[in-house]
Structure formats: structure tokens, C-alpha cells
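Engineer: Quick one: this structure, given as C-alpha cells, is what I'll be asking you about.
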Amino acid sequence: MASGASLCLGVPPHRLWAVRPGIYEDEKGRTWVTVVVRLSPSQRARGRGSPRHEPSNTVHMWQMPVHPREPMSPSQLPLSQLPLVWQLYPGRRYRAMDSRLWKWWTMARQITSTEQLILLQLRPGE
């Protein structure tokens, strides 16, 4: 995120459902497109007795209209590292269907006024 290139917006969606690969819909019927996914590999130390670090994943979504198509059922969606549903949770977090917690930020790109949602997977205990 470039400094000065974005500003904070209001309340994020209460719930996001996967409707097609990389596309989510919120409770207001707005579509959120996954534009960047950073999956950090597990940072396992090579030596014996060294601590093992859990992965930290980051997802960037833009709220934008997409060509209307029928949503896919969960059984039709391909396997993904991303949850099928995110639910807003207290403390600037989302809770995924698999109980993983994700910290969120909302931003607006000044040039295009596109709302952006950034999710960072929290490590257990964070």
C-alpha cells in the first residue's frame, strides 16, 4: 500500500460468501473480487529444536461489479486456501468457516474510488 494513495472507509461487510472462484458476495449483494492472494509458506526452521512458524496469508479484495452469472454451490467450487464464508467478528477480525481468524482493513483507492478489503490471516493465539 502506497502511503497517500488510499484512505480508510467505513464498516466492512458483515459476511462474505464465495459465489464463484475468487468472487465473494456480501449481505448487500455487492461483489468482491479477489485481486491479490499472498500465501506465505510455512517458515520451518531446518535445525533441530528450532521454532516452527505458522504461515501468514494475505488477501486483497476489491468491491466491483462483475458480469452476472449463476452462483456456484459450495460443492461445485474448487478447493482453495481461502474460506467459503467470512463472518465479521469483534476486534477488527473476520472468522472463517474453518474457525481461522483474519484481521481486516478497508481502503479506498483515490484514483478509481474502488473500495478494497485487505485480510491478514492471524496466527493461533493472536
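As shown in the C-alpha cells, the chain order sets the letters A, B, ...; within each chain, residues go from 1, and ligands are also counted from 1 in the order they appear.
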Excluding same-chain residues fewer than 4 positions from A:Leu79, what lies within 12 Å of it counting only C-alpha atoms, as number ranges by chain?

Structural biologist: A: 18, 20-22, 74-75, 83-84

Engineer: Keeping only C-alpha atoms, take the residues you just selected and write them out as a JSON list (two decimals), in the first residue's frame.

Structural biologist:
```
[["chain", "number", "residue", "atom", "x", "y", "z"],
["A", 18, "ALA", "CA", -17.88, -17.41, -2.14],
["A", 20, "ARG", "CA", -17.52, -18.38, -7.80],
["A", 21, "PRO", "CA", -13.77, -18.96, -7.61],
["A", 22, "GLY", "CA", -12.20, -15.69, -6.40],
["A", 74, "PRO", "CA", -20.07, -24.91, -2.31],
["A", 75, "SER", "CA", -19.68, -28.44, -3.68],
["A", 83, "PRO", "CA", -12.63, -19.85, 3.10],
["A", 84, "LEU", "CA", -16.07, -20.25, 1.56]]
```

Engineer: Skip A:Glu25 itself and residues of its chain fewer than 6 positions away, then list as number ranges by chain all residues within 10 Å of it, counting only C-alpha atoms.

Structural biologist: A: 13, 15-19, 31-33, 63, 71, 85

Engineer: Keeping only all heavy atoms, write the selected residues as an mmCIF file, in the first residue's frame.

Structural biologist:
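The resulting file, part_12.cif, is shown below:
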```cif
data_model
loop_
_atom_site.group_PDB
_atom_site.id
_atom_site.type_symbol
_atom_site.label_atom_id
_atom_site.label_comp_id
_atom_site.auth_asym_id
_atom_site.auth_seq_id
_atom_site.Cartn_x
_atom_site.Cartn_y
_atom_site.Cartn_z
ATOM 1 N N PRO A 13 -18.092 -5.377 5.102
ATOM 2 C CA PRO A 13 -19.242 -6.281 5.010
ATOM 3 C C PRO A 13 -19.335 -7.156 6.256
ATOM 4 O O PRO A 13 -18.324 -7.533 6.843
ATOM 5 C CB PRO A 13 -18.935 -7.144 3.790
ATOM 6 C CG PRO A 13 -17.877 -6.426 3.041
ATOM 7 C CD PRO A 13 -17.139 -5.572 4.015
ATOM 8 N N ARG A 15 -20.724 -10.187 6.201
ATOM 9 C CA ARG A 15 -20.487 -11.565 5.790
ATOM 10 C C ARG A 15 -20.129 -11.579 4.310
ATOM 11 O O ARG A 15 -20.680 -10.816 3.534
ATOM 12 C CB ARG A 15 -21.731 -12.409 6.022
ATOM 13 C CG ARG A 15 -21.507 -13.882 5.703
ATOM 14 C CD ARG A 15 -22.669 -14.731 6.083
ATOM 15 N NE ARG A 15 -22.696 -14.821 7.545
ATOM 16 C CZ ARG A 15 -23.604 -15.467 8.230
ATOM 17 N NH1 ARG A 15 -24.579 -16.083 7.616
ATOM 18 N NH2 ARG A 15 -23.569 -15.515 9.538
ATOM 19 N N LEU A 16 -19.182 -12.444 3.953
ATOM 20 C CA LEU A 16 -18.794 -12.650 2.561
ATOM 21 C C LEU A 16 -18.942 -14.128 2.232
ATOM 22 O O LEU A 16 -18.408 -14.977 2.942
ATOM 23 C CB LEU A 16 -17.340 -12.213 2.342
ATOM 24 C CG LEU A 16 -17.055 -10.724 2.484
ATOM 25 C CD1 LEU A 16 -15.562 -10.488 2.634
ATOM 26 C CD2 LEU A 16 -17.597 -9.972 1.278
ATOM 27 N N TRP A 17 -19.681 -14.427 1.146
ATOM 28 C CA TRP A 17 -19.874 -15.795 0.693
ATOM 29 C C TRP A 17 -19.178 -15.980 -0.646
ATOM 30 O O TRP A 17 -19.312 -15.138 -1.537
ATOM 31 C CB TRP A 17 -21.348 -16.094 0.421
ATOM 32 C CG TRP A 17 -22.270 -16.057 1.582
ATOM 33 C CD1 TRP A 17 -22.606 -17.103 2.380
ATOM 34 C CD2 TRP A 17 -23.016 -14.940 2.063
ATOM 35 N NE1 TRP A 17 -23.511 -16.705 3.329
ATOM 36 C CE2 TRP A 17 -23.780 -15.380 3.159
ATOM 37 C CE3 TRP A 17 -23.115 -13.606 1.676
ATOM 38 C CZ2 TRP A 17 -24.631 -14.541 3.863
ATOM 39 C CZ3 TRP A 17 -23.953 -12.776 2.391
ATOM 40 C CH2 TRP A 17 -24.695 -13.231 3.464
ATOM 41 N N ALA A 18 -18.468 -17.090 -0.838
ATOM 42 C CA ALA A 18 -17.882 -17.411 -2.139
ATOM 43 C C ALA A 18 -19.017 -17.806 -3.073
ATOM 44 O O ALA A 18 -19.825 -18.680 -2.746
ATOM 45 C CB ALA A 18 -16.879 -18.547 -2.009
ATOM 46 N N VAL A 19 -19.108 -17.138 -4.232
ATOM 47 C CA VAL A 19 -20.146 -17.462 -5.207
ATOM 48 C C VAL A 19 -19.549 -18.086 -6.470
ATOM 49 O O VAL A 19 -20.226 -18.804 -7.189
ATOM 50 C CB VAL A 19 -21.014 -16.238 -5.576
ATOM 51 C CG1 VAL A 19 -21.865 -15.810 -4.382
ATOM 52 C CG2 VAL A 19 -20.176 -15.085 -6.086
ATOM 53 N N THR A 31 -20.456 -7.422 -5.031
ATOM 54 C CA THR A 31 -19.440 -8.441 -5.305
ATOM 55 C C THR A 31 -18.060 -7.928 -4.945
ATOM 56 O O THR A 31 -17.744 -6.750 -5.151
ATOM 57 C CB THR A 31 -19.472 -8.883 -6.782
ATOM 58 O OG1 THR A 31 -19.467 -7.733 -7.621
ATOM 59 C CG2 THR A 31 -20.679 -9.735 -7.083
ATOM 60 N N TRP A 32 -17.247 -8.823 -4.413
ATOM 61 C CA TRP A 32 -15.882 -8.557 -4.009
ATOM 62 C C TRP A 32 -14.980 -9.522 -4.770
ATOM 63 O O TRP A 32 -15.146 -10.735 -4.664
ATOM 64 C CB TRP A 32 -15.718 -8.745 -2.497
ATOM 65 C CG TRP A 32 -16.499 -7.743 -1.710
ATOM 66 C CD1 TRP A 32 -17.837 -7.775 -1.421
ATOM 67 C CD2 TRP A 32 -15.988 -6.547 -1.138
ATOM 68 N NE1 TRP A 32 -18.183 -6.667 -0.691
ATOM 69 C CE2 TRP A 32 -17.070 -5.893 -0.499
ATOM 70 C CE3 TRP A 32 -14.721 -5.956 -1.091
ATOM 71 C CZ2 TRP A 32 -16.916 -4.685 0.169
ATOM 72 C CZ3 TRP A 32 -14.575 -4.765 -0.414
ATOM 73 C CH2 TRP A 32 -15.664 -4.128 0.200
ATOM 74 N N VAL A 33 -14.063 -8.978 -5.541
ATOM 75 C CA VAL A 33 -13.193 -9.782 -6.390
ATOM 76 C C VAL A 33 -11.819 -9.906 -5.735
ATOM 77 O O VAL A 33 -11.216 -8.902 -5.348
ATOM 78 C CB VAL A 33 -13.064 -9.144 -7.796
ATOM 79 C CG1 VAL A 33 -12.133 -9.958 -8.674
ATOM 80 C CG2 VAL A 33 -14.445 -9.005 -8.440
ATOM 81 N N GLN A 63 -14.144 -4.256 -4.181
ATOM 82 C CA GLN A 63 -15.582 -4.275 -4.377
ATOM 83 C C GLN A 63 -15.842 -3.693 -5.754
ATOM 84 O O GLN A 63 -15.551 -2.532 -6.016
ATOM 85 C CB GLN A 63 -16.274 -3.462 -3.279
ATOM 86 C CG GLN A 63 -17.772 -3.634 -3.224
ATOM 87 C CD GLN A 63 -18.504 -2.806 -4.255
ATOM 88 O OE1 GLN A 63 -18.330 -1.597 -4.327
ATOM 89 N NE2 GLN A 63 -19.317 -3.461 -5.048
ATOM 90 N N PRO A 71 -24.524 -18.199 -9.226
ATOM 91 C CA PRO A 71 -23.529 -18.599 -8.230
ATOM 92 C C PRO A 71 -23.355 -20.117 -8.238
ATOM 93 O O PRO A 71 -24.262 -20.858 -8.606
ATOM 94 C CB PRO A 71 -24.108 -18.132 -6.906
ATOM 95 C CG PRO A 71 -25.492 -17.692 -7.177
ATOM 96 C CD PRO A 71 -25.709 -17.619 -8.640
ATOM 97 N N VAL A 85 -16.786 -18.865 3.443
ATOM 98 C CA VAL A 85 -17.537 -17.798 4.111
ATOM 99 C C VAL A 85 -16.641 -17.116 5.136
ATOM 100 O O VAL A 85 -15.902 -17.780 5.867
ATOM 101 C CB VAL A 85 -18.791 -18.363 4.833
ATOM 102 C CG1 VAL A 85 -19.518 -17.272 5.598
ATOM 103 C CG2 VAL A 85 -19.724 -19.051 3.857
#
```

Engineer: Leaving out A:Trp104 and any residue of its chain fewer than 6 positions from it, which residues lie within 7 Å of it when counting only C-alpha atoms, given as an MDAnalysis selection string?

Structural biologist: chainID A and resid 92:93 117:120

Engineer: Would you compute the distance between atom CA of A:Arg123 and atom CA of A:Arg95? Give it in Å to one decimal.

Structural biologist: 12.5 Å

Engineer: Tell me which protein, DNA and RNA residues are within 10 Å of A:Ser99, counting only C-alpha atoms, leaving out same-chain ones fewer than 3 positions away, and put them as a ChimeraX atom specification.

Structural biologist: /A:83,86-87,94-96,102

Engineer: Between A:Pro78, A:Ser56, A:Asp26, A:Glu115, which has the minimum distance to A:Arg100 (counting only C-alpha atoms)?

Structural biologist: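 Going through A:Pro78, A:Ser56, A:Asp26, A:Glu115 one by one, the smallest distance to A:Arg100 is for A:Ser56.
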
Engineer: How many Å separate atom CA of A:Pro65 from atom CA of A:Lys103?

Structural biologist: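 These atoms are spaced 24.3 Å apart.
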
Engineer: Could you state the separation of atom CA of A:Leu82 and atom CA of A:Met61 in Å, given to one decimal place?

Structural biologist: 12.0 Å
